[in-house]
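A quick write-up on the structure given underneath.
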Number of protein chains: 6
Amino acid sequence: MFYVDNRLQFPVRVESPNPVFARALQQAIGGVEGEVRVALQYMFQAFGARGGDGRHRDLLMNTAAEELGHIEMLATAVALNLEGAPLSMQEEAAQDPVAGHVMNGMNLRHILSTGLAALPADAEGVPFDASHVYASGNLAADMLANVTAEATGRALATRLYGMTQDPGMREMLAFLIARDNMHQQQWLAAIEDMGGLQAAMPIPNSFPLDQENQDFSHVLLGFQADGSAPPEGRWSQGPTMDGRGEFSARHMEPLGEEPELAPPPPGSGAQEEQM
Amino acid sequence: MFYVDNRLQFPVRVESPNPVFARALQQAIGGVEGEVRVALQYMFQAFGARGGDGRHRDLLMNTAAEELGHIEMLATAVALNLEGAPLSMQEEAAQDPVAGHVMNGMNLRHILSTGLAALPADAEGVPFDASHVYASGNLAADMLANVTAEATGRALATRLYGMTQDPGMREMLAFLIARDNMHQQQWLAAIEDMGGLQAAMPIPNSFPLDQENQDFSHVLLGFQADGSAPPEGRWSQGPTMDGRGEFSARHMEPLGEEPELAPPPPGSGAQEEQM
Amino acid sequence: MFYVDNRLQFPVRVESPNPVFARALQQAIGGVEGEVRVALQYMFQAFGARGGDGRHRDLLMNTAAEELGHIEMLATAVALNLEGAPLSMQEEAAQDPVAGHVMNGMNLRHILSTGLAALPADAEGVPFDASHVYASGNLAADMLANVTAEATGRALATRLYGMTQDPGMREMLAFLIARDNMHQQQWLAAIEDMGGLQAAMPIPNSFPLDQENQDFSHVLLGFQADGSAPPEGRWSQGPTMDGRGEFSARHMEPLGEEPELAPPPPGSGAQEEQM
Amino acid sequence: MFYVDNRLQFPVRVESPNPVFARALQQAIGGVEGEVRVALQYMFQAFGARGGDGRHRDLLMNTAAEELGHIEMLATAVALNLEGAPLSMQEEAAQDPVAGHVMNGMNLRHILSTGLAALPADAEGVPFDASHVYASGNLAADMLANVTAEATGRALATRLYGMTQDPGMREMLAFLIARDNMHQQQWLAAIEDMGGLQAAMPIPNSFPLDQENQDFSHVLLGFQADGSAPPEGRWSQGPTMDGRGEFSARHMEPLGEEPELAPPPPGSGAQEEQM
Amino acid sequence: MFYVDNRLQFPVRVESPNPVFARALQQAIGGVEGEVRVALQYMFQAFGARGGDGRHRDLLMNTAAEELGHIEMLATAVALNLEGAPLSMQEEAAQDPVAGHVMNGMNLRHILSTGLAALPADAEGVPFDASHVYASGNLAADMLANVTAEATGRALATRLYGMTQDPGMREMLAFLIARDNMHQQQWLAAIEDMGGLQAAMPIPNSFPLDQENQDFSHVLLGFQADGSAPPEGRWSQGPTMDGRGEFSARHMEPLGEEPELAPPPPGSGAQEEQM
Amino acid sequence: MFYVDNRLQFPVRVESPNPVFARALQQAIGGVEGEVRVALQYMFQAFGARGGDGRHRDLLMNTAAEELGHIEMLATAVALNLEGAPLSMQEEAAQDPVAGHVMNGMNLRHILSTGLAALPADAEGVPFDASHVYASGNLAADMLANVTAEATGRALATRLYGMTQDPGMREMLAFLIARDNMHQQQWLAAIEDMGGLQAAMPIPNSFPLDQENQDFSHVLLGFQADGSAPPEGRWSQGPTMDGRGEFSARHMEPLGEEPELAPPPPGSGAQEEQM
């Protein structure tokens, strides 16, 4: 269960409110790279954590709590950036017409739906949808998903940092960028803690390898229309990343035939011409 | 651009059609772990690939072509599993009542919307949505996203393998499981090709570290309500995974204050009591 | 069943077409506070109305018919606001560059997808989705949902009113604001007609109260991290709103244990390390 | 910010795991009546709370923390109900064939996507989407939305209670039903705390009433095709619920004309026949 | 504007309620082939109708009114099929265990969310989303979209007809199938009324043909990996359907080069290795 | 299966990059009229093609391959239009303030989520969702759906053509407009190849006409509130389009009664007042 402290994890202040930047910040709340996603993702991974020694569950719950606080910080930042936003087109026209036109670049729902507050949606106004919560029941897959989420999350935060010169916003973002750094490190450390990435692969490592078609486990197949070899690199030669084989490469030809389906049965809604 | 060969990459055959297994297979087509997603993901990563020596773009396009063929294989498997499916409740009742009731477990849209063919949707009938296509413009983040996609994809394929005893389906899945193995290896090899995961971190590694708040870059913050330390592990001590620091851990106290927003301006749709 | 009169319920005219205001108006059509939602909501509540004397079904159908006419009014307003909109970036640049840049603030699909007409989508271009149609089978819950919908709908309409100075648009909105007022009153009156809000609570009032855990029915539980009491107010003392008890308040401590799930069974796709 | 205690708010135990009931429980997690929705709704209302004395913000944050714990309880219940679920169709056939066929009624993603754990989705597998988070910036509208959410939430919980005989599940649900009772009471108390529902109406009460078209503020308009009067009730006579007028009723005739739009401009993608 | 008659357009009766058939019927309400879609589609086409003599607008509004009545009929059919549905798993087990297990095949939200009534969702529980409302501003495209919608709608209705033996349901469906027949005819007649399909093509016929790249207007390009010709048929020889040219066919070779994008600019979130 | 050639089907070049036009181009990628949709639609129609002589399957696969190449062209065009886009609000302000403000009109996710590359989303940032893939199992319905898709696709492309003066973009669009022309022709030719549209109707033509309610198969029913006749035209007189009857028209009166549902059963979550 969760408790709340009404103070913020880190100070949030805005010197020059900017409603267009408020729109941009929404991506860090409700975007696929955002905080609602990771908060729910870590929770649902914890809720379904089976096996192991329980530390992963606890670490996930702990970090979920932190991410909930980041949603709060960012939503506060959105609300502060919306202060002074134009509520009418006349109000806007009366502002400096060169610097103006801010309503064009705003999320209009910041006026129409929330009365100058954050939405659980992304920078284009698309509501967050929880299909992005990856919790696979496989610990290694989940930890990789978490590193990935923090990588795209940090990329987003650095882009937001670059987009603004507001000192308060940069201070907040510099904090969040650091936390995304730490979280990348910590989830990768969790994999090392389990025995390392090499041992974890192929994920899931509990499936008997002799049941997969091992003729195709380590070969880069080429799909170049001219029959040429696929692009060369570390992926086409040398030991595989799990140390269980050697990479190779070759052009692919179809091994199957053109599919043949049975004709449509009567009453299945096809045209007579199909029968 | 793409070309087509109407033959399948690998044979697809079904000995005992099973409409409920057809529903399950949909997850591998239109689920978040499925083939439509990776096909589009590799394409959009390729379409937006900036910088580097071009081999990553080519590798992404090459693998996208393979995944398109996997959609075809799985959609064919769904269509074959639907042959002989009941079209009416009477037809079903006339079957062995103990073995029967298959319509209860079917995706009814396999009858109603497609006339016994696959949908671009998941096992619960939810259509694929392209928000799951991760193409961040950051090569390391994208490659991690790809390893993750192949890890959850392989977990899914092994679960489907366990769900069926049909020899044809197991043969097809054993092939796909092997390809997911290779694809995990190849995307991780791409990271090694770029200099390795350690050098890639924190992602993006192009953001000047002195602009992040480095007091918080390597510390596990604890959010335990009782003030106790967060769970210990590789993530709380020893060198960080990027080799740029040492992990530590400590309890977190709020550094900010309770947020104070300006009252709602007139005309913003609030209640009088709020003003 | 429904009939149509091709005239509008109330006049819709636009003196100064404004394509950005057309975008804003979309929220009142396809937004969660909009008319498509209430029209469908009242319909589906009517279609599923069980029990009672039938007047509620009739009232719902009657008001659904009105809301269908409001969609028409608003869609007409969008189309009129789009007249004269720029179709090309050159056309736009030739306009007054200070007043211009209107294409930046438009919903581009008003040009690209509809040829200058309304979409069943909100102000950010997100299509209406019918999950927002609340029809619970519980009459009191539905009536409250309807008051709520009309409250947010009226808040939206007043914000749109404030956003424009166009006399025709203000005239139309002043009418819609009045109708939202009436509809708030009428759905609340329907609750009074059933016996009033106090008697209706807790909703559903048909569930035997002795089957709920009455130790927790009237107590405000506190989740303050520092163990302090939750915020005080009418909600923490005095008789409850249904008159069946007294409010109280106290801090919450966990009554359960840390969850313990069984380890993952073989073949469930977990890592070996989890087993 | 939030803290976590890894123990559950209330005990969750399952005597007879039932994977179909696990599917049903999903509605209380990721359905529109579920806990993810209210947790986020109370958070975003708090994050955007402007004006007033701050107690509403604190109450919202406090209750959000409770709802987060309810997500955890329900997700744990789902995981426990999935223990022993069939992973293969053969495994299932070996069970009692009369009592069996459980896989037909399961959410197959509980096997395929999560390895026997909860999803942030509803009982039909549709992922939660945050467009259901109502936070309007209007305190009265938000409180009504909250009463509504708790009313449909309690209706759902009583239906789940009726669906199962498992003593552990009934104990958990009896607790949640009580909490939904309290939360209905508390949000309604918050409206009383602001001055009561009568004073709050029409929502928003800050819009000058003389700017709405008051000829239509208190009249039930009839849309009966045969021109008959609309259904009579409390909504058609007597004082309005806000005490500011008297209800009346009359048949509606169109006040506007058939809309006339300008013909499509050249280059707008219409057919020649339209021009 | 719309009026309502509370009687149904056509009788709806159910002799043997079947909750699984209720699930199937949902596709005809909220599916992409369903009635909510066409009702809204015809409305929005009417609302945006520009140019012409106004009869198309009137015909669209007229048919929209009919489709609204079909939603009502189908929703009533769902509610009637749900009467007697099991509310608890115990209740179900007490029924004939061979004929039983109906809850497995039900939409559980018919119990949990609506209390035995219809949802605006499809047979798999996915809510209707209005992105399926095609209203393009081009009359010929819209009329074709309408014929298509009625074609898939009629296919669906015939599949539902085949799925049930209930005389009441078959009577209702036989009526709806006939109406879908008429609606196919009427929208195609509307194209003939405009001058016929040949004159309408290519759609939009208002775009000057000399501005398209006419070397590619009538040639079937082949994308066979082996360089062979594309499949032959009416589409590869003879006059084109608009009578403006002759079909031909040839293999396609790339005319463009491999894309070359500029490297990522500093601050765009890429890896150093990309720059 | 598919192969790839890394060169583009047709040259893509941009002389004057325009980030707002990049937003507009997104509609042709991920919009309902766009290329992702048709590529998947033709694939899934092919994957489910039952009956006939196999040429339709091959034609669908062939054209799917072409459309995949169009996605690539358009995504490349988006990336090229984004080159030089402002990454910060300061950078933008330093540009010509009259021509500027481009960030207002951009899809901010082109900066924040992709680092200046295309998204699989529409012009308003809404991700593509595969529910728009129509593959009905009925060949005539599918071919009509394809003509429709190419008609709206060509309307979109001509609108994009009109929106820009960039010679490179116009050259690319002139090619795509021609291909949409050809594809309209080819799918209509496929219907002719099957025997023509008249023989295909009513779709599906395999359903015995004597099972539909033929009293309603060819009559335009009127839903005018004043009882007047529905609008006259080719749709109300003369032979039907399938040659199987004569059109007629008449006003519609309800043939059914007001629906009567059973009261809610105990335990179904209704209010006591409903029982």
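Scheme for the structure tokens: letters A, B, ... for chains in order shown; per-chain residue numbers from 1; ligand numbers from 1 in order shown.
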- Query: Neighbours of Gly31 in chain A within 12 Å (only C-alpha atoms; same-chain residues fewer than 3 positions away dropped), as an NGL selection string?
  - Reply: (:A and (23-28 or 34-38 or 71 or 119-130 or 132-133 or 149 or 152-153 or 156-157)) or (:B and (131-132 or 134)) or (:D and (130)) or (:F and (108-109 or 112-113 or 125-127))
C-alpha atoms of the current selection, written as a CSV table (one decimal), in the first residue's frame:
```
chain,number,residue,atom,x,y,z
A,23,ARG,CA,2.1,21.1,-24.0
A,24,ALA,CA,5.6,19.7,-24.5
A,25,LEU,CA,5.8,18.6,-20.9
A,26,GLN,CA,2.7,16.5,-21.3
A,27,GLN,CA,4.8,14.0,-23.2
A,28,ALA,CA,6.8,13.3,-20.0
A,34,GLY,CA,6.5,9.2,-19.6
A,35,GLU,CA,6.0,8.8,-15.9
A,36,VAL,CA,2.5,7.4,-15.7
A,37,ARG,CA,3.7,4.5,-17.8
A,38,VAL,CA,6.7,3.6,-15.7
A,71,ILE,CA,4.1,12.5,-12.2
A,119,LEU,CA,-3.9,16.0,-18.5
A,120,PRO,CA,-2.9,12.4,-18.4
A,121,ALA,CA,-2.1,12.6,-22.1
A,122,ASP,CA,0.9,13.1,-24.4
A,123,ALA,CA,2.1,16.2,-26.1
A,124,GLU,CA,-0.3,15.7,-29.0
A,125,GLY,CA,-3.3,15.2,-26.6
A,126,VAL,CA,-3.5,11.5,-27.0
A,127,PRO,CA,-4.5,10.0,-23.6
A,128,PHE,CA,-2.2,7.5,-22.0
A,129,ASP,CA,-3.2,3.9,-22.5
A,130,ALA,CA,-2.1,1.2,-20.3
A,132,HIS,CA,2.2,0.2,-22.7
A,133,VAL,CA,2.6,-1.3,-19.3
A,149,ALA,CA,11.8,2.9,-20.8
A,152,THR,CA,13.6,6.8,-24.0
A,153,GLY,CA,12.5,8.7,-20.9
A,156,LEU,CA,12.8,12.8,-23.9
A,157,ALA,CA,13.9,14.7,-20.7
B,131,SER,CA,1.8,3.7,-30.5
B,132,HIS,CA,3.8,0.6,-29.7
B,134,TYR,CA,9.3,2.6,-30.7
D,130,ALA,CA,-6.6,7.7,-19.2
F,108,LEU,CA,6.0,18.2,-31.0
F,109,ARG,CA,6.6,14.5,-30.9
F,112,LEU,CA,10.4,14.9,-28.4
F,113,SER,CA,9.8,11.3,-29.4
F,125,GLY,CA,-0.7,12.7,-33.6
F,126,VAL,CA,-3.2,9.9,-33.2
F,127,PRO,CA,-1.4,6.6,-33.6
```
List as a tab-separated table every residue of chain E that is in contact with chain C, defined as an atom at most 6 Å from one of its atoms (using only C-alpha atoms), together with the nearest atom pair and the distance in Å rounded to one decimal, sorted by chain and then rising number.
```
residue	atom	partner	partner_atom	distance
E:Met1	CA	C:Gly69	CA	4.2
E:Phe2	CA	C:Val4	CA	4.5
E:Tyr3	CA	C:Tyr3	CA	4.9
E:Val4	CA	C:Phe2	CA	4.5
E:Asp5	CA	C:Met1	CA	5.4
E:Leu8	CA	C:Met1	CA	5.5
E:Gln9	CA	C:Met1	CA	5.7
E:Gly48	CA	C:Ala117	CA	4.8
E:Ala65	CA	C:Phe2	CA	5.3
E:Gly69	CA	C:Met1	CA	4.2
E:Ser113	CA	C:Ser136	CA	5.5
E:Thr114	CA	C:Ser136	CA	4.3
E:Gly115	CA	C:Gly137	CA	4.8
E:Ala117	CA	C:Gly48	CA	4.8
E:Pro127	CA	C:Ser131	CA	5.3
E:Phe128	CA	C:Ala130	CA	5.2
E:Asp129	CA	C:Asp129	CA	4.1
E:Ala130	CA	C:Phe128	CA	5.2
E:Ser131	CA	C:Pro127	CA	5.3
E:Ser136	CA	C:Thr114	CA	4.3
E:Gly137	CA	C:Gly115	CA	4.8
```
- Within 9 Å of range 244-256 of chain F using only C-alpha atoms, minus same-chain residues under 3 positions, as a PyMOL selection string: (chain C and resi 1) or (chain E and resi 5-12+182+185-186) or (chain F and resi 217-224+227-230+232+234-241+259)
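Residues in contact with Ala199 in chain D at 7 Å, where only C-alpha atoms are counted and same-chain residues fewer than 3 positions away are skipped, are listed as Gly195, Gly196 and Asp242 of chain D.
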Store the residues of this selection in a file with C-alpha atoms, as a CSV table (one decimal), in the first residue's frame.
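Just written: part_32.csv:
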```
chain,number,residue,atom,x,y,z
D,195,GLY,CA,-22.0,25.1,0.5
D,196,GLY,CA,-24.2,22.3,-0.8
D,242,ASP,CA,-31.0,25.2,-7.6
```
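Atom pair CA of Phe207 in chain D / CA of Gln271 in chain B: separated by 8.6 Å.
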- Two-atom distance - CA of Ile191 in chain E, CA of Glu273 in chain A (Å):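 Separation between CA of Ile191 in chain E and CA of Glu273 in chain A: 24.9 Å.
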- May I have the residues within 8 Å of Gln90 in chain D as a PyMOL selection string, using only C-alpha atoms and disregarding those fewer than 6 positions away in the same chain? chain B and resi 163-165
- Test item: residues at most 9 Å from Gln184 in chain E, only C-alpha atoms, excluding those fewer than 4 positions along its chain, as a PyMOL selection string: (chain E and resi 146-151+179-180+188-189) or (chain F and resi 201-203+241)
